[in-house]
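Chemist: Dumping the structure here so I can ask a few things about it.
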Amino acid sequence: MTAIAPHLPVLQVLVPMFAAVFTSFMRRGNSAWLMAVAASWLSLAISLALLAQVLQSAAPVSYVLGGWAVPFGIEYRVDRLNGFVLLIVNLVGSMIIPFAGTSVRKEIDGNQQAWFYTMYLLCLTGLLGISVSGDAFNVFVFLEVSSLSTYVLIAMGRHRRALLASYQYLIIGTIGASFYVIGIGLLYLATGSLNLADIASRIGPGMTEYSRPILAALAFLSVGICLKLALFPLHVWLPNAYAYAPSAAAAFLAGTATKVAVYLLIRIYFSIYGVAFGIDVLPVYMVVLLLSLAAMLIASFSAIFEANAKRMLAYSSVAQIGYITLGIALANVSGLTGGLVHMFNHAMIKTTLFMALGAVFYRIGSVQVADMAGIGRRMPVTMAAFTVAGLGLIGIPGTAGFISKWYLVIGAIERGYWPVVALVVASSLLAVIYVGRVVESAYFREPSKTVRDATDPPALMLVPIAVLAALSVYFGLDTRLSAGLARGAAEMLLGGMR
Amino acid sequence: MSVFAELIGHYNYFITIFLMMAGLYIVIARGNMIKKLVGLSLFQTSVYLLYVTPGKIAGGTVPIIDPAYSIYSNPLPHVLILTAIVVGIATLALGLALVVRIHEAYGTIEEDEIFARDGEI
Amino acid sequence: MKSDVLLRIGVKLILPYMLVFAAYVQLHGDYGPGGGFQAGVIVAGMVIVYALVFGAKAARQIAPVALVERLAPAGVLIFAATGVPSLFAGKRYLDYSVFGHDALHAHEWGVFLVEAGVITTVAATLIAIFYALTDREHS
């Protein structure tokens, strides 16, 4: 154990990467699935061990690839923030993958099942790589690894529109990644470094005044990353991508991909530019605040009028991302804690909801709200989990969603933004309507012919759904882990450690 | 130094920006999916130029250590862009593969015709 | 083009030189322009030129699809595995110093292995893309 402890940051990326290579040699979906399960759970164990290391030491855990010294070589650097993000990604991954076994067998052709797991593992590699890497260009490479595998995952959906959704995401995602590269290039021109921590030490009030390339870099980075995380006006790719992707892929992406992009935005805003920049130099936070509020309201309205439950959840994701970026925009400890803890809570809630819909699709072959009439009595456990997670999405006290909204509201009050408080509540009320539509259809309608024979899905699908739903309640009652980690990260970001 | 000389001195940046805008314009304005990918490639290529340009140091030589020289060109941007080019190829190949599949599924690669067939999505 | 004698003989003549040139570009990459990417493209070019003249079916007998699809990840595996021995020696991942006694030789060996992985993946991937596109024509 002591021999591998210093290598944990690189193993976090290597384990899924090697597993992806091995699965690509396999032709049978089942063996590839076993490989993916082993890799996902090992990866979760690594992230837990890493988090323990980070919490024990005051300084971030650093790992230099190839033994090259820090500003020159690629550094993997884990602190309280990305240790938390790694945990989120791995938690979702380890829950999705048992579920995926049954779901993929139903939704994807036999000769493509092994490829599905290869792409899933590559996507996991990319997302973990973005989170763990401390090198700006390395982050870009992992961003593209995760994006390219995501395009393939989406294109594996059964409907031909999946191809179109994948194509549209490819165009938008590539523009976003290119914007990120332009931003990094400008930062490199201005500072001569690609190491994120090194860049941070070279720009700021102590150094030269913010020159024009550094300001332009922030604009490019913001737009590029916001395309990836689907901040409100840049979200158009997301509903189609999630709606037509295979169920397991949609659940995985909804829980992880946007969260990692949000992490990157937080890293750039707070670790590189510093919290003072967005207040004193450019009104960045004000822009993000307005867009977040727009996302919370407009996307929630769109969700209400959506007939397809998967698309409804996708629009709801756009709205929930608004809550997370609202935490960034508030830029105080309570607000940022709220944003970070909502990354964690929303990852669990939305993954549960998408997995429950995946189970419904597995049984009745449709996720139209109308087709789900009366399904609550036929698939009791699945729909109970859906309802519990839905309550979390609304933010009922006692669920995880309440905790994040509580912190966000406190953060807004500390800033004196009373209208924001009102809008958070209003957006939650909209969530009542769109979650309520599905619940009403599932429990208070007569079951249709297709629904009549449906039963709860096999245990491999049902257990992850139930566990995640239970966790979303548990983290609403015991917030030491989720909110504690988020608060530690927020204090680190806003405190002296830049 | 006049303004004119200043502008001429930065000619490579102007070319970069022109290519960047041209690429983005094609992506936005064209309905043909292949043409969109061409625009996307053009946009990505302009980013490569943006990186490679500052790697050249006036009077610098090839970055191989030699006692006779003291000024070298910066090799790092080239290495980065080599990586970015590979990523760009992967994106383009995947994009073209998707277009082939879309053509098989819909019989056309014009966006407006596809939307007409499937309804706006 | 199958009946064109000149093309058939010309291609057969040019292929060995392409292979030699690919090997030169691959192995000389340490000292001059070249390396796995360029050499891999040349190797893929060989198969594609062959397929253009003798037909995709003939090319598939020389470089079967199943082999090509396994070579692509195999190259990644070679590259990724290059970093592993240093882990067991207690060094950082991708630290080449385990491959030789002095730094220069160790790096040469490390880069050689990495480039071997790169040429495998690049050649196999480009051939696979070519096959995928020619497949579609008939279906």
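Following the order of the structure tokens, chains are lettered A, B, ..., residues in each are numbered from 1, and ligands are numbered from 1.
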I need the contact residues of chain A against chain B, so if you could list those with any atom within 8 Å, counting only C-alpha atoms, and return them as number ranges by chain, that would help.

Modeler: A: 137, 141, 144, 148, 155, 160, 163-164, 166-167, 170-171, 174-175, 178, 181-182, 185, 189, 240

Chemist: DSSP on the backbone, helix (DSSP H, G or I) only: what residues of chain B does that give? Format it as number ranges by chain.

Modeler: B: 3-9, 11-29, 33-55, 76-106, 111-118

Chemist: So the first atom is CA of Glu414 (chain A) and the second is CA of Tyr474 (chain A); what is the distance between them in Å, to one decimal place?

Modeler: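 Result for CA of Glu414 (chain A) versus CA of Tyr474 (chain A): 27.5 Å, one decimal.
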
Chemist: Please provide as a PyMOL selection string all residues within 12 Å of Tyr72 (chain B), with the sequence filter that same-chain residues fewer than 6 positions apart are discarded (counting only C-alpha atoms).

Modeler: chain B and resi 55-66

Chemist: Convert the current residue selection to file output with C-alpha atoms, as an mmCIF file, in the first residue's frame.

Modeler:
```
data_model
loop_
_atom_site.group_PDB
_atom_site.id
_atom_site.type_symbol
_atom_site.label_atom_id
_atom_site.label_comp_id
_atom_site.auth_asym_id
_atom_site.auth_seq_id
_atom_site.Cartn_x
_atom_site.Cartn_y
_atom_site.Cartn_z
ATOM 1 C CA GLY B 55 7.184 29.936 -31.498
ATOM 2 C CA LYS B 56 9.383 31.579 -34.095
ATOM 3 C CA ILE B 57 12.022 33.751 -32.444
ATOM 4 C CA ALA B 58 13.666 36.308 -34.737
ATOM 5 C CA GLY B 59 17.188 35.090 -35.496
ATOM 6 C CA GLY B 60 16.613 31.843 -33.609
ATOM 7 C CA THR B 61 17.833 28.494 -34.868
ATOM 8 C CA VAL B 62 16.647 24.938 -34.551
ATOM 9 C CA PRO B 63 16.383 24.106 -30.838
ATOM 10 C CA ILE B 64 19.353 21.728 -30.671
ATOM 11 C CA ILE B 65 22.018 22.722 -28.177
ATOM 12 C CA ASP B 66 25.157 23.942 -29.926
#
```

Chemist: Taking only C-alpha atoms into account and nothing else, which residues of chain C lie no more than 6 Å away from chain A? Please answer as a PyMOL selection string.

Modeler: chain C and resi 73+92-95

Chemist: Using Å and a single decimal, report how far CA of Asp135 (chain C) sits from CA of Ala93 (chain B).

Modeler: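 Separation between CA of Ala93 (chain B) and CA of Asp135 (chain C): 15.3 Å.
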
Chemist: Considering only C-alpha atoms, give me a table of residues in chain C that are at most 12 Å from chain B, with the closest atom pair and distance in Å for each, as CSV.

Modeler:
```
residue,atom,partner,partner_atom,distance
C:Asp30,CA,B:Ile64,CA,11.6
C:Tyr31,CA,B:Ile64,CA,9.9
C:Gly32,CA,B:Ile64,CA,10.8
C:Pro33,CA,B:Val62,CA,11.4
C:Gly35,CA,B:Leu82,CA,11.7
C:Gly36,CA,B:Leu82,CA,12.0
C:Phe37,CA,B:Val86,CA,9.1
C:Gln38,CA,B:Leu82,CA,11.2
C:Val41,CA,B:Val86,CA,12.0
C:Val118,CA,B:Val86,CA,11.5
C:Thr121,CA,B:Val86,CA,11.9
C:Val122,CA,B:Val86,CA,9.7
C:Thr125,CA,B:Ala90,CA,9.7
C:Leu126,CA,B:Ala93,CA,9.6
C:Ala128,CA,B:Ala93,CA,11.0
C:Ile129,CA,B:Ala93,CA,7.7
C:Phe130,CA,B:Ala93,CA,10.4
C:Tyr131,CA,B:Ala97,CA,11.8
C:Ala132,CA,B:Ala97,CA,8.6
C:Leu133,CA,B:Ala97,CA,8.0
C:Thr134,CA,B:Val100,CA,11.3
C:Asp135,CA,B:Val100,CA,11.3
C:Arg136,CA,B:Val100,CA,8.2
C:Glu137,CA,B:Val100,CA,10.0
C:His138,CA,B:Glu104,CA,11.8
C:Ser139,CA,B:Glu104,CA,9.4
```

Chemist: So that I can see what lies close to Ser47 (chain A), please list as a PyMOL selection string the residues with an atom at most 12 Å from it, counting only C-alpha atoms and leaving out residues fewer than 5 positions away in the same chain.

Modeler: chain A and resi 5+7-13+15+40-42+52-54+78-80+82-91+93-94+128+131-132

Chemist: Taking the chain letters and numbering used in this document, name the residues of chain B that DSSP puts in strand (DSSP E or B), as a list in words.

Modeler: Asn32, Thr61, Tyr72 and Glu110 of chain B

Chemist: Can you pull out every residue within 9 Å of Glu440 (chain A), counting only C-alpha atoms, but drop anything in the same chain fewer than 5 positions away, and send it as a list in words?

Modeler: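 These residues fall inside the cut-off: Ala373, Gly374, Val435 and Arg445 of chain A.
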
Chemist: As an exercise, work out the distance from CA of Val152 (chain A) to CA of Leu460 (chain A) in Å and give it to one decimal place.

Modeler: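 If I compute the distance from CA of Val152 (chain A) to CA of Leu460 (chain A), I get 24.8 Å.
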
Chemist: May I have the residues within 10 Å of Leu423 (chain A) as a list in words, using only C-alpha atoms and disregarding those fewer than 6 positions away in the same chain?

Modeler: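 Selected residues are Leu293, Ala294, Met296, Leu297, Val409 and Leu429 of chain A.
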
Chemist: Excluding same-chain residues fewer than 6 positions from region 342-350 of chain A, what lies within 6 Å of it counting only C-alpha atoms, as a ChimeraX atom specification?

Modeler: /A:88,255,389,400,404

Chemist: Closest to Val275 (chain A) among A:Ala490, A:Ile46, A:Leu471, A:Ala32, using only C-alpha atoms?

Modeler: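 Among the listed residues, the smallest separation from Val275 (chain A) belongs to A:Ala490.
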
Chemist: Identify which of the residues C:Phe88, C:Phe79, C:Tyr50, C:Phe21 lies closest to Phe112 (chain C), counting only C-alpha atoms when measuring atom-to-atom distances.

Modeler: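 Between C:Phe88, C:Phe79, C:Tyr50, C:Phe21, the residue approaching Phe112 (chain C) most closely is C:Phe79.
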